[in-house]
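Since the structure comes first, as structure tokens, the remarks are kept for the end.
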Amino acid sequence: MTPGHEGAPSRAGPRRPSWAGRNYTLLTTAAVVTGFGSSGALIASAFAVLEAGGDGTDVGLIAASRTVPLVLFLLIGGAIADRLPRHRVMVAANALNCLSQGVFAVLVISGNARLWQMAVLSAMGGAGQAFFGPASEGMVLATVGGEQSSRAFAVFRMGMNGAQIGGAALGGALVAAFGAGWVLAVDAAAFALAGSLRGLLDLSGMPERARGAGLLADLRDGWREVTGRPWLWSVIVQFAVVNAVVAAAEAVYGPLVAEEHLGGAGPWGMALGAFGAGTVCGALLMTRWQPRRILFAGVLCVFPLALPSAALAVPVTPGPLTVVMFGSGLAVEVFAMTWMTALHQEVPEEKFSRVSAYDWLGSVAMIPVATALAGPAEALTGRSAALWGCSALIVLLTAAVLCVPGVRNLERRTPAAPLVVQPVRKDPASPEDAAPSPS
């Protein structure tokens, strides 16, 4: 928006909101592009393994080869992102992902892909994500003033979730029509485009961060930040278990229940699609709803994550399961929004990536263990009992976290002078500064 022309009539189409500045638009567009490409690539990589002569076990091993370096390098990635300009770390990670997916695509298209090569390239992608994730956390919220941050982050999440849903649907169709290699090539191009967009960010308004005493000292400092806040480490522990049992229920038990009781892959795919649609609606809800006690509202919304496992344990018919999955998707998105708001509000900016790395580590570290133990647990107790156990763990842990005073009492606050990472050249009388809080 050009200063001094606020009253001029609109000439060509709708203008973006006053809070959606250049940096915000670049970050959101880049996230939509990579979300669209990566969700299709997940499907393509599985079919590439099968086309190369692999079986279900090989598909799991290739997926694990991405997860292991993600877990190993997360803490280092967080410390580095607090020492270097975060947007440069993001661009470098995008470049690594572009390279790995590009080589993966060439090998698959040429028919020369080998399983060990796929494992190495998937590991490169996981390493890239380990550096990208902590660096990217909080970047969107840092581009918008405190009064507008919740709405801006909700719109960002809505676009990202929508891109992932559309990318998965289109990716499956493109794999069937053109082959897995071309979908991987599209993902490589998406990383290249997203990295270019992030390279255009103007962070001249970002204050300089003092270098720490060293990498290990930075990691220890991040650990103290986490352990010094009971609300923070309790939710991280909670989701280490919640994410693990949800993954076991949906990745291992869900397809088995669908095959035996629901009519196969079609109804199960519809249920997973409903979960994705629920996340989009949850983000839409958060453009209007700003709970005062942010963590209390968010953690309450973790309880519905116990419902899909319970529905599979019964098991219910496809219709009710789809409704349950939609509701759990909506609820988990509300939690994600309030959680990021709390982190951005309470954690010092210069330590944000280190804290985010511990959060990421807690979220993913237990998933491989849970999926590996899902089969033995089913053999020991029966599938229904294992699924009820998943639900019980979610309920019990969530109830325990609600007993932490910081979770119940942490309130949203608007900074008196929020840091907005936009170009330093700014008209003090511009509408962005004068815009009232959205109702």
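Chain labels run A, B, ... following the order of the structure tokens; each chain numbers its residues from 1, and ligands are numbered from 1 in the order shown.
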Who sits within 12 Å of range 301-304 of chain A, only C-alpha atoms, same chain under 4 positions skipped, as a PyMOL selection string: chain A and resi 235+238-239+242-243+246+275+282+294-297+308-311+323-339+390-402
task: Report the distance between CA of Ala283 in chain A and CA of Ala154 in chain A in Å, rounded to one decimal place.
output: 4.8 Å
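Across the structure, CA of Ala105 in chain A and CA of Trp182 in chain A are spaced 6.5 Å apart.
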Distance query Ala30 in chain A at most 12 Å, only C-alpha atoms, self and fewer than 5 positions along chain excluded, as a PyMOL selection string: chain A and resi 23-25+35-37+87+90-91+94+136+140+156+159-160+163+189-201
task: Mind the document's chain letters and residue numbers, and return as a PyMOL selection string the residues of range 103-228 of chain A that DSSP labels alpha helix (DSSP H).
output: chain A and resi 103-110+115-136+149-178+180-199+215-227
Polymer residues at most 7 Å from Val280 in chain A, only C-alpha atoms, same-chain spacing of 4 or more positions, as an MDAnalysis selection string: chainID A and resid 158 161:162 276 284
- request: One decimal, Å: what's the distance from CA of Tyr358 in chain A over to CA of Ala247 in chain A, could you say?
  value: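 Interatomic distance here is 19.5 Å.
Those residues that approach range 256-271 of chain A to within 10 Å, counting only C-alpha atoms, are Ala249, Glu250, Ala277, Pro308, Leu312, Ala313, Val314, Pro315, Val316, Thr317, Pro318, Gly319, Pro320, Leu321, Thr322, Val323, Val324, Met325, Phe326, Arg383 and Ser384 of chain A; same-chain residues fewer than 6 positions away are not listed.
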Restricting the output to all heavy atoms, write the selected residues as a tab-separated table (two decimals), in the first residue's frame.
chain	number	residue	atom	x	y	z
A	249	ALA	N	-1.38	-45.44	15.72
A	249	ALA	CA	-2.78	-45.74	15.41
A	249	ALA	C	-3.09	-45.50	13.94
A	249	ALA	O	-3.76	-46.31	13.29
A	249	ALA	CB	-3.69	-44.88	16.29
A	250	GLU	N	-2.59	-44.40	13.38
A	250	GLU	CA	-2.96	-44.04	12.02
A	250	GLU	C	-2.10	-44.71	10.96
A	250	GLU	O	-2.58	-45.02	9.87
A	250	GLU	CB	-2.91	-42.52	11.86
A	250	GLU	CG	-3.96	-41.80	12.70
A	250	GLU	CD	-4.03	-40.31	12.41
A	250	GLU	OE1	-3.25	-39.83	11.57
A	250	GLU	OE2	-4.87	-39.64	13.03
A	277	ALA	N	-8.96	-31.57	6.14
A	277	ALA	CA	-9.96	-30.51	6.02
A	277	ALA	C	-10.24	-29.87	7.37
A	277	ALA	O	-10.46	-28.65	7.48
A	277	ALA	CB	-11.24	-31.07	5.42
A	308	PRO	N	-10.03	-40.66	17.45
A	308	PRO	CA	-9.80	-41.57	16.32
A	308	PRO	C	-9.37	-42.97	16.75
A	308	PRO	O	-9.85	-43.97	16.18
A	308	PRO	CB	-8.69	-40.85	15.53
A	308	PRO	CG	-8.90	-39.41	15.82
A	308	PRO	CD	-9.30	-39.38	17.27
A	312	LEU	N	-11.46	-46.40	15.97
A	312	LEU	CA	-10.89	-47.58	15.32
A	312	LEU	C	-10.99	-48.81	16.22
A	312	LEU	O	-11.08	-49.94	15.72
A	312	LEU	CB	-9.43	-47.31	14.96
A	312	LEU	CG	-9.18	-46.29	13.84
A	312	LEU	CD1	-7.70	-45.94	13.77
A	312	LEU	CD2	-9.68	-46.81	12.50
A	313	ALA	N	-10.95	-48.62	17.53
A	313	ALA	CA	-11.04	-49.75	18.45
A	313	ALA	C	-12.41	-50.38	18.43
A	313	ALA	O	-12.54	-51.59	18.62
A	313	ALA	CB	-10.68	-49.29	19.87
A	314	VAL	N	-13.47	-49.59	18.17
A	314	VAL	CA	-14.83	-50.15	18.24
A	314	VAL	C	-15.08	-51.28	17.25
A	314	VAL	O	-15.51	-52.37	17.69
A	314	VAL	CB	-15.86	-49.00	18.13
A	314	VAL	CG1	-17.27	-49.55	18.03
A	314	VAL	CG2	-15.73	-48.04	19.33
A	315	PRO	N	-14.82	-51.20	15.92
A	315	PRO	CA	-14.63	-49.99	15.11
A	315	PRO	C	-15.96	-49.44	14.62
A	315	PRO	O	-16.93	-50.18	14.43
A	315	PRO	CB	-13.81	-50.52	13.93
A	315	PRO	CG	-14.27	-51.92	13.74
A	315	PRO	CD	-14.66	-52.43	15.10
A	316	VAL	N	-16.02	-48.13	14.40
A	316	VAL	CA	-17.22	-47.49	13.88
A	316	VAL	C	-17.24	-47.60	12.36
A	316	VAL	O	-16.25	-47.99	11.73
A	316	VAL	CB	-17.30	-46.00	14.31
A	316	VAL	CG1	-17.31	-45.88	15.81
A	316	VAL	CG2	-16.14	-45.21	13.71
A	317	THR	N	-18.36	-47.24	11.75
A	317	THR	CA	-18.49	-47.26	10.29
A	317	THR	C	-17.76	-46.05	9.68
A	317	THR	O	-17.40	-45.11	10.40
A	317	THR	CB	-19.97	-47.24	9.90
A	317	THR	OG1	-20.59	-46.09	10.46
A	317	THR	CG2	-20.68	-48.49	10.39
A	318	PRO	N	-17.54	-46.04	8.36
A	318	PRO	CA	-16.78	-44.94	7.75
A	318	PRO	C	-17.35	-43.55	8.00
A	318	PRO	O	-16.58	-42.60	8.18
A	318	PRO	CB	-16.80	-45.30	6.26
A	318	PRO	CG	-16.91	-46.78	6.22
A	318	PRO	CD	-17.79	-47.13	7.39
A	319	GLY	N	-18.68	-43.40	8.03
A	319	GLY	CA	-19.26	-42.08	8.23
A	319	GLY	C	-18.87	-41.45	9.55
A	319	GLY	O	-18.30	-40.34	9.59
A	320	PRO	N	-19.15	-42.11	10.68
A	320	PRO	CA	-18.74	-41.55	11.96
A	320	PRO	C	-17.23	-41.37	12.09
A	320	PRO	O	-16.76	-40.41	12.71
A	320	PRO	CB	-19.26	-42.57	12.98
A	320	PRO	CG	-20.40	-43.24	12.30
A	320	PRO	CD	-20.02	-43.29	10.85
A	321	LEU	N	-16.45	-42.28	11.51
A	321	LEU	CA	-14.99	-42.14	11.57
A	321	LEU	C	-14.54	-40.87	10.87
A	321	LEU	O	-13.67	-40.14	11.35
A	321	LEU	CB	-14.31	-43.35	10.94
A	321	LEU	CG	-12.79	-43.31	10.89
A	321	LEU	CD1	-12.19	-43.24	12.30
A	321	LEU	CD2	-12.22	-44.50	10.13
A	322	THR	N	-15.16	-40.57	9.74
A	322	THR	CA	-14.81	-39.35	9.00
A	322	THR	C	-15.12	-38.11	9.83
A	322	THR	O	-14.33	-37.16	9.87
A	322	THR	CB	-15.57	-39.31	7.67
A	322	THR	OG1	-15.20	-40.44	6.88
A	322	THR	CG2	-15.26	-38.04	6.89
A	323	VAL	N	-16.25	-38.11	10.52
A	323	VAL	CA	-16.61	-36.98	11.38
A	323	VAL	C	-15.61	-36.83	12.52
A	323	VAL	O	-15.17	-35.72	12.84
A	323	VAL	CB	-18.04	-37.16	11.93
A	323	VAL	CG1	-18.36	-36.08	12.96
A	323	VAL	CG2	-19.06	-37.13	10.80
A	324	VAL	N	-15.23	-37.95	13.13
A	324	VAL	CA	-14.26	-37.91	14.23
A	324	VAL	C	-12.92	-37.38	13.75
A	324	VAL	O	-12.27	-36.56	14.43
A	324	VAL	CB	-14.11	-39.33	14.83
A	324	VAL	CG1	-12.86	-39.42	15.70
A	324	VAL	CG2	-15.33	-39.68	15.66
A	325	MET	N	-12.49	-37.82	12.59
A	325	MET	CA	-11.21	-37.36	12.06
A	325	MET	C	-11.25	-35.86	11.73
A	325	MET	O	-10.27	-35.15	11.97
A	325	MET	CB	-10.84	-38.17	10.81
A	325	MET	CG	-10.54	-39.62	11.10
A	325	MET	SD	-9.03	-39.89	12.05
A	325	MET	CE	-7.79	-39.64	10.79
A	326	PHE	N	-12.36	-35.40	11.20
A	326	PHE	CA	-12.49	-33.97	10.93
A	326	PHE	C	-12.39	-33.17	12.24
A	326	PHE	O	-11.66	-32.17	12.31
A	326	PHE	CB	-13.83	-33.68	10.26
A	326	PHE	CG	-14.09	-32.22	10.02
A	326	PHE	CD1	-13.63	-31.59	8.86
A	326	PHE	CD2	-14.80	-31.46	10.95
A	326	PHE	CE1	-13.85	-30.24	8.65
A	326	PHE	CE2	-15.03	-30.11	10.74
A	326	PHE	CZ	-14.56	-29.50	9.58
A	383	ARG	N	-5.56	-55.96	18.94
A	383	ARG	CA	-5.60	-54.65	18.32
A	383	ARG	C	-6.53	-53.69	19.04
A	383	ARG	O	-6.20	-52.52	19.26
A	383	ARG	CB	-6.02	-54.77	16.86
A	383	ARG	CG	-5.92	-53.44	16.10
A	383	ARG	CD	-6.47	-53.60	14.69
A	383	ARG	NE	-5.81	-54.70	14.01
A	383	ARG	CZ	-6.36	-55.40	13.03
A	383	ARG	NH1	-7.58	-55.11	12.62
A	383	ARG	NH2	-5.70	-56.38	12.45
A	384	SER	N	-7.69	-54.14	19.43
A	384	SER	CA	-8.66	-53.26	20.08
A	384	SER	C	-8.10	-52.72	21.39
A	384	SER	O	-8.19	-51.52	21.68
A	384	SER	CB	-9.97	-54.01	20.33
A	384	SER	OG	-10.91	-53.16	20.97
